[in-house]
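Chemist: This is model.cif, which holds mmCIF, C-alpha atoms:
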data_query
loop_
_atom_site.label_atom_id
_atom_site.label_comp_id
_atom_site.auth_asym_id
_atom_site.auth_seq_id
_atom_site.Cartn_x
_atom_site.Cartn_y
_atom_site.Cartn_z
CA MET A 1 -9.49 -17.25 24.67
CA PRO A 2 -12.04 -14.65 23.45
CA LEU A 3 -14.85 -13.75 25.87
CA GLY A 4 -17.36 -12.76 23.22
CA PRO A 5 -19.99 -15.08 21.72
CA ASP A 6 -19.22 -17.40 18.82
CA ILE A 7 -21.62 -17.81 15.93
CA VAL A 8 -23.70 -20.51 17.66
CA GLU A 9 -24.08 -18.31 20.73
CA ARG A 10 -24.99 -15.34 18.55
CA LEU A 11 -27.71 -17.41 16.91
CA ASN A 12 -29.17 -18.17 20.32
CA ARG A 13 -29.17 -14.44 21.12
CA ALA A 14 -30.90 -13.78 17.82
CA ARG A 15 -33.64 -16.31 18.61
CA ALA A 16 -34.26 -14.65 21.97
CA ASP A 17 -34.35 -11.20 20.35
CA LEU A 18 -36.84 -12.28 17.72
CA ARG A 19 -39.14 -13.81 20.33
CA MET A 20 -39.20 -10.43 22.14
CA GLY A 21 -39.80 -8.42 18.98
CA VAL A 22 -36.27 -6.99 18.86
CA PRO A 23 -34.80 -6.62 15.36
CA VAL A 24 -31.74 -8.62 14.34
CA LEU A 25 -29.15 -7.35 11.88
CA LEU A 26 -28.45 -9.91 9.14
CA SER A 27 -25.62 -9.66 6.63
CA SER A 28 -24.45 -11.73 3.68
CA GLY A 29 -22.25 -11.05 0.66
CA GLY A 30 -21.93 -7.36 1.42
CA ILE A 31 -25.65 -6.69 1.92
CA SER A 32 -27.40 -6.06 5.23
CA ALA A 33 -30.97 -5.94 6.48
CA LEU A 34 -32.85 -5.56 9.71
CA ALA A 35 -35.25 -8.42 10.39
CA VAL A 36 -37.99 -8.75 12.99
CA ALA A 37 -40.39 -11.64 13.56
CA ALA A 38 -43.77 -10.87 12.02
CA GLU A 39 -45.77 -12.12 14.99
CA ALA A 40 -43.75 -10.10 17.52
CA ILE A 41 -43.57 -6.70 15.82
CA ASP A 42 -45.08 -3.78 17.75
CA PRO A 43 -46.34 -0.42 16.38
CA ALA A 44 -43.33 1.58 17.57
CA ARG A 45 -40.75 -0.69 15.99
CA PHE A 46 -42.88 -1.08 12.87
CA ALA A 47 -42.87 2.70 12.46
CA ALA A 48 -39.11 2.87 13.05
CA LEU A 49 -38.45 0.17 10.46
CA SER A 50 -40.79 1.85 7.94
CA ALA A 51 -38.81 5.08 8.29
CA LEU A 52 -35.67 3.29 7.08
CA GLY A 53 -37.05 2.28 3.70
CA PRO A 54 -39.44 -0.03 1.84
CA LEU A 55 -40.40 -3.09 3.89
CA THR A 56 -40.56 -6.70 2.75
CA LEU A 57 -42.57 -9.44 4.44
CA ALA A 58 -40.88 -12.81 3.93
CA ILE A 59 -43.14 -15.86 4.12
CA THR A 60 -42.64 -19.49 3.15
CA ALA A 61 -43.88 -20.94 -0.12
CA ARG A 62 -46.38 -23.01 1.92
CA ARG A 63 -47.97 -19.87 3.34
CA ALA A 64 -47.74 -18.12 -0.03
CA GLU A 65 -49.68 -20.96 -1.64
CA THR A 66 -52.53 -20.43 0.82
CA LEU A 67 -52.54 -16.69 0.10
CA LYS A 68 -52.27 -17.18 -3.67
CA ALA A 69 -49.09 -15.09 -3.60
CA ARG A 70 -46.21 -15.58 -6.04
CA ALA A 71 -43.23 -17.42 -4.59
CA TYR A 72 -40.59 -16.36 -7.12
CA ASP A 73 -37.79 -17.65 -4.87
CA ASP A 74 -39.07 -21.26 -4.86
CA ASP A 75 -39.14 -21.89 -1.10
CA LEU A 76 -40.31 -18.42 -0.07
CA ALA A 77 -42.10 -15.29 -1.20
CA ARG A 78 -40.93 -11.74 -0.54
CA LEU A 79 -44.08 -9.65 -0.32
CA ILE A 80 -43.97 -5.90 -0.85
CA VAL A 81 -45.42 -4.25 2.26
CA PRO A 82 -47.81 -1.44 1.20
CA GLU A 83 -46.91 2.05 2.41
CA ASP A 84 -50.17 2.27 4.39
CA ALA A 85 -49.74 -1.17 5.99
CA THR A 86 -50.03 -1.61 9.75
CA PRO A 87 -48.82 -4.28 12.19
CA ALA A 88 -52.34 -5.73 11.94
CA TRP A 89 -51.81 -6.21 8.19
CA ILE A 90 -48.53 -8.02 8.89
CA THR A 91 -50.27 -10.30 11.40
CA ALA A 92 -53.11 -11.09 8.99
CA ILE A 93 -50.63 -12.21 6.33
CA ALA A 94 -48.41 -14.21 8.68
CA ASP A 95 -51.09 -15.87 10.82
CA PRO A 96 -53.90 -17.87 9.15
CA ALA A 97 -56.24 -17.58 12.13
CA ASP A 98 -58.73 -15.36 10.27
CA ASP A 99 -58.20 -16.71 6.76
CA LEU A 100 -61.70 -18.13 6.52
CA ARG A 101 -63.33 -14.99 7.94
CA SER A 102 -61.25 -12.71 5.71
CA PRO A 103 -59.92 -14.71 2.76
CA MET A 104 -59.10 -11.71 0.55
CA LYS A 105 -55.74 -10.41 1.81
CA GLY A 106 -54.49 -8.79 -1.34
CA PRO A 107 -53.67 -7.77 -3.82
CA LEU A 108 -50.28 -9.16 -2.80
CA HIS A 109 -47.23 -8.32 -4.87
CA SER A 110 -44.01 -10.33 -4.62
CA ARG A 111 -40.50 -9.09 -5.28
CA ARG A 112 -38.64 -10.71 -8.16
CA ASP A 113 -35.41 -8.75 -8.05
CA GLY A 114 -32.66 -8.79 -5.47
CA ASP A 115 -31.07 -11.54 -3.43
CA PRO A 116 -33.49 -13.55 -1.24
CA THR A 117 -30.71 -14.85 1.03
CA LEU A 118 -31.47 -12.61 4.01
CA ALA A 119 -35.22 -13.21 3.70
CA ARG A 120 -34.49 -16.94 3.79
CA ALA A 121 -32.24 -16.40 6.80
CA ALA A 122 -34.94 -14.50 8.68
CA ILE A 123 -37.47 -17.28 8.10
CA ALA A 124 -34.99 -19.93 9.23
CA LEU A 125 -34.28 -17.99 12.43
CA ALA A 126 -37.98 -17.48 13.12
CA LYS A 127 -38.58 -21.21 12.74
CA SER A 128 -35.71 -22.06 15.05
CA ALA A 129 -37.22 -19.67 17.62
CA ARG A 130 -40.54 -21.59 17.39
CA LEU A 131 -42.28 -18.55 15.91
CA LEU A 132 -44.44 -18.28 12.83
CA PRO A 133 -42.13 -18.54 9.79
CA ALA A 134 -42.57 -14.95 8.66
CA ALA A 135 -40.37 -11.88 9.08
CA VAL A 136 -40.36 -8.20 8.18
CA LEU A 137 -37.12 -6.95 6.61
CA VAL A 138 -35.70 -3.60 5.55
CA PRO A 139 -32.32 -3.18 3.83
CA VAL A 140 -29.74 -0.92 5.49
CA ALA A 141 -26.54 0.55 4.09
CA ASP A 142 -24.08 0.14 6.97
CA GLY A 143 -25.40 -2.77 8.97
CA ARG A 144 -22.47 -3.14 11.31
CA ALA A 145 -22.52 0.52 12.36
CA LEU A 146 -26.29 0.38 12.94
CA ALA A 147 -25.99 -2.80 14.99
CA VAL A 148 -23.33 -1.20 17.21
CA ALA A 149 -25.26 2.05 17.58
CA GLU A 150 -28.52 0.32 18.52
CA GLY A 151 -27.04 -2.62 20.46
CA LEU A 152 -28.50 -5.15 18.04
CA THR A 153 -27.39 -8.73 17.52
CA LEU A 154 -25.41 -8.97 14.29
CA ILE A 155 -25.53 -12.25 12.38
CA ASP A 156 -23.12 -12.97 9.53
CA TRP A 157 -25.35 -15.38 7.64
CA ASP A 158 -22.51 -16.79 5.55
CA ARG A 159 -21.07 -18.16 8.81
CA ALA A 160 -24.38 -18.77 10.55
CA ALA A 161 -26.17 -20.83 7.88
CA PRO A 162 -23.90 -23.89 8.21
CA ALA A 163 -24.02 -23.64 12.01
CA LEU A 164 -27.83 -23.52 12.03
CA SER A 165 -28.18 -26.51 9.71
CA GLU A 166 -25.74 -28.71 11.60
CA ALA A 167 -26.99 -30.90 14.40
CA ALA A 168 -26.03 -29.29 17.70
CA ALA A 169 -23.55 -31.15 19.85
CA ILE A 170 -25.26 -32.63 22.89
CA HIS A 171 -23.65 -33.23 26.27
CA PRO A 172 -24.82 -35.13 29.36
CA VAL A 173 -25.72 -32.96 32.34
CA VAL A 174 -26.77 -35.44 35.01
CA SER A 175 -28.39 -38.84 35.46
CA ALA A 176 -30.11 -40.26 38.50
CA ARG A 177 -32.11 -43.29 39.55
CA LEU A 178 -35.85 -42.88 38.97
CA PRO A 179 -38.26 -45.65 40.06
CA MET A 180 -41.37 -45.54 37.85
CA GLU A 181 -44.69 -47.31 37.46
CA ALA A 182 -43.31 -49.03 34.37
CA ALA A 183 -40.20 -50.26 36.17
CA GLU A 184 -38.60 -49.64 39.53
CA ALA A 185 -35.20 -50.03 37.86
CA GLY A 186 -35.33 -46.74 36.01
CA ARG A 187 -32.83 -43.97 35.35
CA LEU A 188 -33.28 -40.50 33.86
CA HIS A 189 -30.47 -38.93 31.83
CA VAL A 190 -30.58 -35.19 31.01
CA PHE A 191 -28.74 -33.87 27.94
CA ARG A 192 -28.15 -30.25 26.96
CA PRO A 193 -27.38 -29.04 23.41
CA GLU A 194 -24.60 -26.53 22.82
CA ASP A 195 -26.85 -24.23 20.79
CA GLY A 196 -28.90 -23.14 23.82
CA GLY A 197 -31.94 -25.13 22.74
CA GLU A 198 -34.24 -27.22 24.91
CA GLU A 199 -32.81 -30.07 26.93
CA HIS A 200 -33.61 -33.64 25.91
CA TYR A 201 -34.02 -36.72 28.08
CA ALA A 202 -33.30 -40.43 27.98
CA ILE A 203 -35.28 -42.76 30.22
CA GLU A 204 -33.37 -45.98 30.72
CA ILE A 205 -35.23 -49.06 31.91
CA GLY A 206 -33.19 -51.76 33.63
CA HIS A 207 -29.60 -52.25 32.52
CA PRO A 208 -29.71 -52.88 28.76
CA PRO A 209 -26.42 -54.29 27.42
CA ARG A 210 -24.64 -51.97 24.99
CA ASP A 211 -23.46 -54.79 22.71
CA ARG A 212 -26.97 -55.88 21.64
CA PRO A 213 -29.92 -54.08 19.99
CA VAL A 214 -31.90 -52.24 22.66
CA LEU A 215 -35.67 -51.84 22.64
CA ALA A 216 -35.94 -48.09 22.00
CA ARG A 217 -38.42 -45.36 21.22
CA LEU A 218 -37.90 -41.84 19.92
CA HIS A 219 -40.76 -39.91 21.51
CA SER A 220 -41.34 -36.25 20.68
CA ALA A 221 -42.69 -34.17 23.55
CA CYS A 222 -46.46 -33.72 23.50
CA PHE A 223 -47.71 -31.55 26.35
CA THR A 224 -51.35 -32.06 25.44
CA GLY A 225 -51.15 -35.83 24.97
CA ASP A 226 -48.47 -36.87 27.45
CA LEU A 227 -49.57 -34.66 30.34
CA LEU A 228 -53.19 -33.70 29.73
CA GLY A 229 -54.40 -36.95 28.18
CA SER A 230 -55.54 -35.33 24.95
CA LEU A 231 -57.77 -37.52 22.81
CA LYS A 232 -56.79 -35.66 19.62
CA CYS A 233 -53.58 -37.68 19.21
CA ASP A 234 -52.10 -41.03 20.21
CA CYS A 235 -48.95 -39.64 21.86
CA GLY A 236 -49.85 -40.25 25.50
CA PRO A 237 -50.88 -43.87 24.99
CA GLN A 238 -47.75 -44.47 22.88
CA LEU A 239 -45.53 -43.06 25.62
CA ARG A 240 -47.08 -45.21 28.33
CA ALA A 241 -47.27 -48.34 26.16
CA ALA A 242 -43.60 -48.02 25.18
CA LEU A 243 -42.49 -47.68 28.82
CA ALA A 244 -44.75 -50.57 29.84
CA GLN A 245 -43.28 -52.83 27.15
CA MET A 246 -39.75 -51.92 28.20
CA GLY A 247 -40.69 -52.65 31.80
CA ALA A 248 -42.18 -56.01 30.84
CA GLU A 249 -39.01 -56.97 28.94
CA GLY A 250 -36.82 -55.64 31.74
CA ALA A 251 -34.75 -53.32 29.55
CA GLY A 252 -35.10 -50.44 27.10
CA VAL A 253 -34.47 -46.78 26.49
CA LEU A 254 -37.00 -44.07 25.66
CA LEU A 255 -35.65 -40.83 24.21
CA TYR A 256 -37.89 -37.89 25.11
CA LEU A 257 -37.11 -35.19 22.55
CA ASN A 258 -38.34 -31.64 23.13
CA GLN A 259 -39.74 -31.19 19.63
CA GLU A 260 -43.35 -30.31 20.44
CA GLY A 261 -45.86 -30.28 17.60
CA ARG A 262 -43.62 -32.04 15.07
CA GLY A 263 -40.95 -29.46 15.76
CA ILE A 264 -43.00 -26.24 15.51
CA GLY A 265 -43.52 -25.61 19.23
CA LEU A 266 -46.59 -25.67 21.44
CA ALA A 267 -47.94 -22.24 20.45
CA ASN A 268 -47.84 -23.10 16.74
CA LYS A 269 -49.25 -26.55 17.48
CA MET A 270 -52.24 -24.87 19.15
CA ARG A 271 -52.58 -22.64 16.10
CA ALA A 272 -52.69 -25.82 14.01
CA TYR A 273 -55.34 -27.27 16.35
CA SER A 274 -57.42 -24.14 15.87
CA LEU A 275 -57.17 -24.57 12.11
CA GLN A 276 -58.17 -28.22 12.47
CA ASP A 277 -61.33 -27.00 14.20
CA GLN A 278 -62.02 -25.05 11.00
CA GLY A 279 -61.91 -28.29 8.98
CA PHE A 280 -58.27 -28.68 7.91
CA ASP A 281 -56.31 -31.86 8.59
CA THR A 282 -53.03 -31.78 10.49
CA VAL A 283 -50.83 -31.51 7.38
CA GLU A 284 -53.02 -28.83 5.78
CA ALA A 285 -52.95 -26.85 9.03
CA ASN A 286 -49.15 -26.95 9.17
CA HIS A 287 -48.94 -25.79 5.56
CA ARG A 288 -51.33 -22.89 6.15
CA LEU A 289 -49.09 -21.80 9.01
CA GLY A 290 -46.12 -21.90 6.67
CA PHE A 291 -44.48 -25.07 7.95
CA GLU A 292 -43.65 -28.37 6.30
CA ASP A 293 -45.45 -31.60 7.27
CA ASP A 294 -42.81 -32.41 9.87
CA GLU A 295 -40.10 -30.05 11.12
CA ARG A 296 -38.48 -32.44 13.62
CA ASP A 297 -34.81 -33.36 13.60
CA PHE A 298 -34.37 -37.04 14.43
CA ARG A 299 -30.60 -36.70 14.30
CA LEU A 300 -31.02 -35.85 17.97
CA GLY A 301 -32.18 -39.37 18.70
CA ALA A 302 -29.17 -40.95 17.04
CA ALA A 303 -26.83 -38.61 18.91
CA LEU A 304 -28.39 -39.49 22.28
CA LEU A 305 -28.20 -43.22 21.61
CA LYS A 306 -24.52 -42.92 20.74
CA LYS A 307 -23.88 -40.90 23.91
CA LEU A 308 -25.49 -43.73 25.87
CA GLY A 309 -23.29 -46.31 24.14
CA PHE A 310 -25.87 -47.93 21.83
CA SER A 311 -25.30 -48.64 18.14
CA ALA A 312 -28.30 -50.85 17.31
CA VAL A 313 -31.99 -50.70 18.27
CA ARG A 314 -35.27 -52.51 18.03
CA LEU A 315 -37.29 -49.40 17.31
CA LEU A 316 -40.79 -48.96 18.69
CA THR A 317 -42.37 -46.91 15.92
CA ASN A 318 -44.99 -46.74 13.19
CA ASN A 319 -43.02 -44.07 11.33
CA PRO A 320 -40.64 -45.29 8.58
CA ALA A 321 -38.94 -41.87 8.52
CA LYS A 322 -37.50 -42.54 11.96
CA ILE A 323 -35.97 -45.79 10.73
CA ARG A 324 -34.40 -44.08 7.71
CA MET A 325 -32.99 -41.30 9.88
CA MET A 326 -31.52 -43.74 12.38
CA ASP A 327 -29.85 -45.76 9.63
CA ALA A 328 -28.54 -42.58 7.99
CA ASN A 329 -26.96 -41.45 11.24
CA GLY A 330 -25.13 -44.59 12.24
CA ILE A 331 -27.74 -46.39 14.35
CA SER A 332 -28.72 -49.80 12.99
CA VAL A 333 -32.43 -50.62 13.23
CA THR A 334 -32.55 -54.41 13.45
CA GLU A 335 -36.32 -54.58 13.95
CA ARG A 336 -39.35 -52.30 13.74
CA VAL A 337 -41.63 -52.98 16.68
CA PRO A 338 -45.18 -51.71 15.98
CA LEU A 339 -46.84 -49.45 18.53
CA LYS A 340 -50.53 -49.34 17.67
CA VAL A 341 -52.39 -47.84 20.63
CA GLY A 342 -54.52 -44.83 21.46
CA HIS A 343 -57.14 -44.93 18.73
CA THR A 344 -60.22 -42.86 19.68
CA ARG A 345 -63.15 -41.33 17.85
CA HIS A 346 -61.50 -37.94 18.39
CA ASN A 347 -58.30 -38.83 16.53
CA GLU A 348 -59.59 -41.06 13.72
CA ALA A 349 -59.03 -38.35 11.10
CA TYR A 350 -55.63 -37.45 12.58
CA LEU A 351 -54.42 -41.05 12.40
CA ALA A 352 -55.80 -41.47 8.90
CA THR A 353 -53.87 -38.38 7.80
CA LYS A 354 -50.66 -39.70 9.37
CA ALA A 355 -51.08 -42.93 7.42
CA LYS A 356 -52.08 -41.32 4.11
CA LYS A 357 -49.83 -38.26 4.00
CA SER A 358 -46.92 -39.11 6.30
CA GLY A 359 -46.59 -42.81 5.55
CA HIS A 360 -47.17 -44.10 9.09
CA LEU A 361 -47.80 -47.83 9.23
CA LEU A 362 -51.09 -47.97 11.09
#
What is this file in C-alpha cells?
Modeler:
Amino acid sequence: MPLGPDIVERLNRARADLRMGVPVLLSSGGISALAVAAEAIDPARFAALSALGPLTLAITARRAETLKARAYDDDLARLIVPEDATPAWITAIADPADDLRSPMKGPLHSRRDGDPTLARAAIALAKSARLLPAAVLVPVADGRALAVAEGLTLIDWDRAAPALSEAAAIHPVVSARLPMEAAEAGRLHVFRPEDGGEEHYAIEIGHPPRDRPVLARLHSACFTGDLLGSLKCDCGPQLRAALAQMGAEGAGVLLYLNQEGRGIGLANKMRAYSLQDQGFDTVEANHRLGFEDDERDFRLGAALLKKLGFSAVRLLTNNPAKIRMMDANGISVTERVPLKVGHTRHNEAYLATKAKKSGHLL
C-alpha cells in the first residue's frame, strides 16, 4: 500500500497551503501554472511570482460583473495584472471592502486567449478553502520539476476536478448520550468527512424508529446566530425551535452542518455583513464577494441521514431547495414542516430577500 497522499489528500494539502499564502502547482492537459490565493499573497511571494512571467488574476463572473470587467470564460474572468501592480492592487480587485470608497479599479483588461482550466481550478480550490474566490496565476514550463525543487503541492487537475466535485464520504467517529434542555433523552453523533473538511454533527432526540419518517432539520452552522444570539438572522431561533419541537414530540434528528455563511465560511460571511452595512442585501453582498447566492452542499444532510438509518423525513424547513436536494439524493420528504420564528426589526430585510430571491416560504 503506498504511503503517499492520494488525490483527495493532496487537495486538502492544497487548501491548507492556499490559506497560508503558499503557492500550489496546478497542471492539466500538459500545461502548468503556479496559483496563490489573492487574499493571502505577501510582497515577497508576489515579487517571486512576477519574476516568472506575466501574472493573471482569476476572479468569478460575479465579481467581474461588479468591477465591470469582461468575463470571456463565462463563469470567470482572467484579468491581466499590470506590470506595476502591487499586492494592494490584487487585494482591491479581489475584496470589495473599499468598492464604494474607490469604485474605479481599472482599466481592467481580460484575457481571451489560452485555456482557462487552471484559472477555474484555482478559484474552485480557493472557495473550498473558505477564501475569497480569487487567485493569482503564472504559467510555468516544467511544473513538476518546480514543485519538487520548491517543495510545493502538485495538483493534477484532470484527476482532482472529479474528486473535488464529488460529495466526500462521511464516517461516524463517536456518539454519546447528551441530556439537553430540549430533551433529556438526547444523543450527539460526530461524523468526519474523508476529504479533511470540517466535522458534522447529528443531534438525535429520543429513539426515533428507522422505519418511519423522522422529524428532521438540516441546520447550517451559524456562529453569530446560534451562539451569540445575532438579531440579523433567524438561525438561532430556528435551531432552538426545531430542538424544542423534537423534544415535545419525543423524537427527531437535527443535522448540524458546518457550512457557515451559506457555505462561504465565517470570515467571508463577516465580509458580506460589512457590505450589508453599506446598503447591499445578502444576495448582492455574496455576489460582490464573488460567490453565488448559496454555496452549501445539502448532499451532506442526505448522507448523514442514511448513515443513521433513515430514508424518509418530515423536514422542518422553509427552503424548497432542501426538499429538492433530499429527494434527489434518496431521502423521501413526506412532509414539509414550516419553521417560522425569529422575525425581528433587524432582520426584516434579510428575511424579505430570502423569500424574494431564494424562494424561502416565509
Chemist: Using all atoms listed in the file for the distances, tell me which of A:Ala244, A:Ala69, A:Ala285, A:Val8 is nearest to A:Ser165.
Modeler: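 Distance minimum relative to A:Ser165 lands on A:Val8.
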Chemist: Please enumerate the residues selected by the PyMOL selection byres ((chain A and resi 236) around 8) when evaluated against the supplied file, formatted as a PyMOL selection string.
Modeler: chain A and resi 222+225-227+229-230+233-235+237-240+342
Chemist: List as a ChimeraX atom specification the protein and nucleic acid residues near A:Met246, meaning an atom at most 12 Å away when only C-alpha atoms are counted, but skip any in the same chain fewer than 2 places from it.
Modeler: /A:180-186,203-208,214-217,239-244,248-254,314-316,337
Chemist: Would you tabulate, counting only C-alpha atoms, all residues of stretch 126-195 of chain A that have an atom at most 10 Å from an atom of stretch 44-49 of chain A, showing the closest pair of atoms and their distance in Å to one decimal, sorted by chain then ascending number, as a tab-separated table?
Modeler:
residue	atom	partner	partner_atom	distance
A:Val136	CA	A:Leu49	CA	8.9
A:Leu137	CA	A:Leu49	CA	8.2
A:Val138	CA	A:Leu49	CA	6.8
A:Pro139	CA	A:Leu49	CA	9.6
Chemist: Which stretch 215-290 of chain A residues have any atom within 10 Å of an atom of stretch 61-68 of chain A, and for each, what is the nearest pair of atoms with distance in Å to one decimal, counting only C-alpha atoms, rows sorted by chain and number, as a Markdown table?
Modeler:
| residue | atom | partner | partner_atom | distance |
| --- | --- | --- | --- | --- |
| A:Glu284 | CA | A:Arg62 | CA | 9.6 |
| A:Asn286 | CA | A:Arg62 | CA | 8.7 |
| A:His287 | CA | A:Arg62 | CA | 5.2 |
| A:Arg288 | CA | A:Arg63 | CA | 5.3 |
| A:Leu289 | CA | A:Arg63 | CA | 6.1 |
| A:Gly290 | CA | A:Arg63 | CA | 4.3 |
Chemist: Within 10 Å of A:Glu39, counting only C-alpha atoms, which residues qualify if same-chain residues fewer than 4 places away don't, as a count of residues only?
Modeler: 19
Chemist: Which residue, A:Pro213, A:Pro179, A:Pro162, A:Pro54, has the smallest gap to A:Ser332 when you use all atoms listed in the file?
Modeler: A:Pro213
Chemist: To one decimal place in Å, what is the distance between atom CA of A:Ala312 and atom CA of A:Pro338?
Modeler: 17.0 Å
Chemist: Stretch 172-182 of chain A, all listed atoms, 5 Å padding on each side: what axis-aligned box centre and edge lengths in Å to one decimal come out, as JSON?
Modeler:
{"center_x": -34.8, "center_y": -41.0, "center_z": 34.7, "size_x": 29.9, "size_y": 26.1, "size_z": 20.7}
Chemist: Measure the distance from atom CA of A:Leu188 to atom CA of A:Leu257 in Å and round it to one decimal.
Modeler: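 One can read the atom CA of A:Leu188 to atom CA of A:Leu257 distance as 13.1 Å.
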Chemist: Any chance you could resolve the PyMOL selection byres ((chain A and resi 116) around 10) against this file and give the residues as a CSV table (one decimal) with C-alpha atoms, in the coordinates of the input?
Modeler:
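The resulting selection_9.csv:
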chain,number,residue,atom,x,y,z
A,58,ALA,CA,-40.9,-12.8,3.9
A,72,TYR,CA,-40.6,-16.4,-7.1
A,73,ASP,CA,-37.8,-17.6,-4.9
A,76,LEU,CA,-40.3,-18.4,-0.1
A,77,ALA,CA,-42.1,-15.3,-1.2
A,78,ARG,CA,-40.9,-11.7,-0.5
A,111,ARG,CA,-40.5,-9.1,-5.3
A,112,ARG,CA,-38.6,-10.7,-8.2
A,113,ASP,CA,-35.4,-8.8,-8.0
A,114,GLY,CA,-32.7,-8.8,-5.5
A,115,ASP,CA,-31.1,-11.5,-3.4
A,117,THR,CA,-30.7,-14.8,1.0
A,118,LEU,CA,-31.5,-12.6,4.0
A,119,ALA,CA,-35.2,-13.2,3.7
A,120,ARG,CA,-34.5,-16.9,3.8
A,121,ALA,CA,-32.2,-16.4,6.8
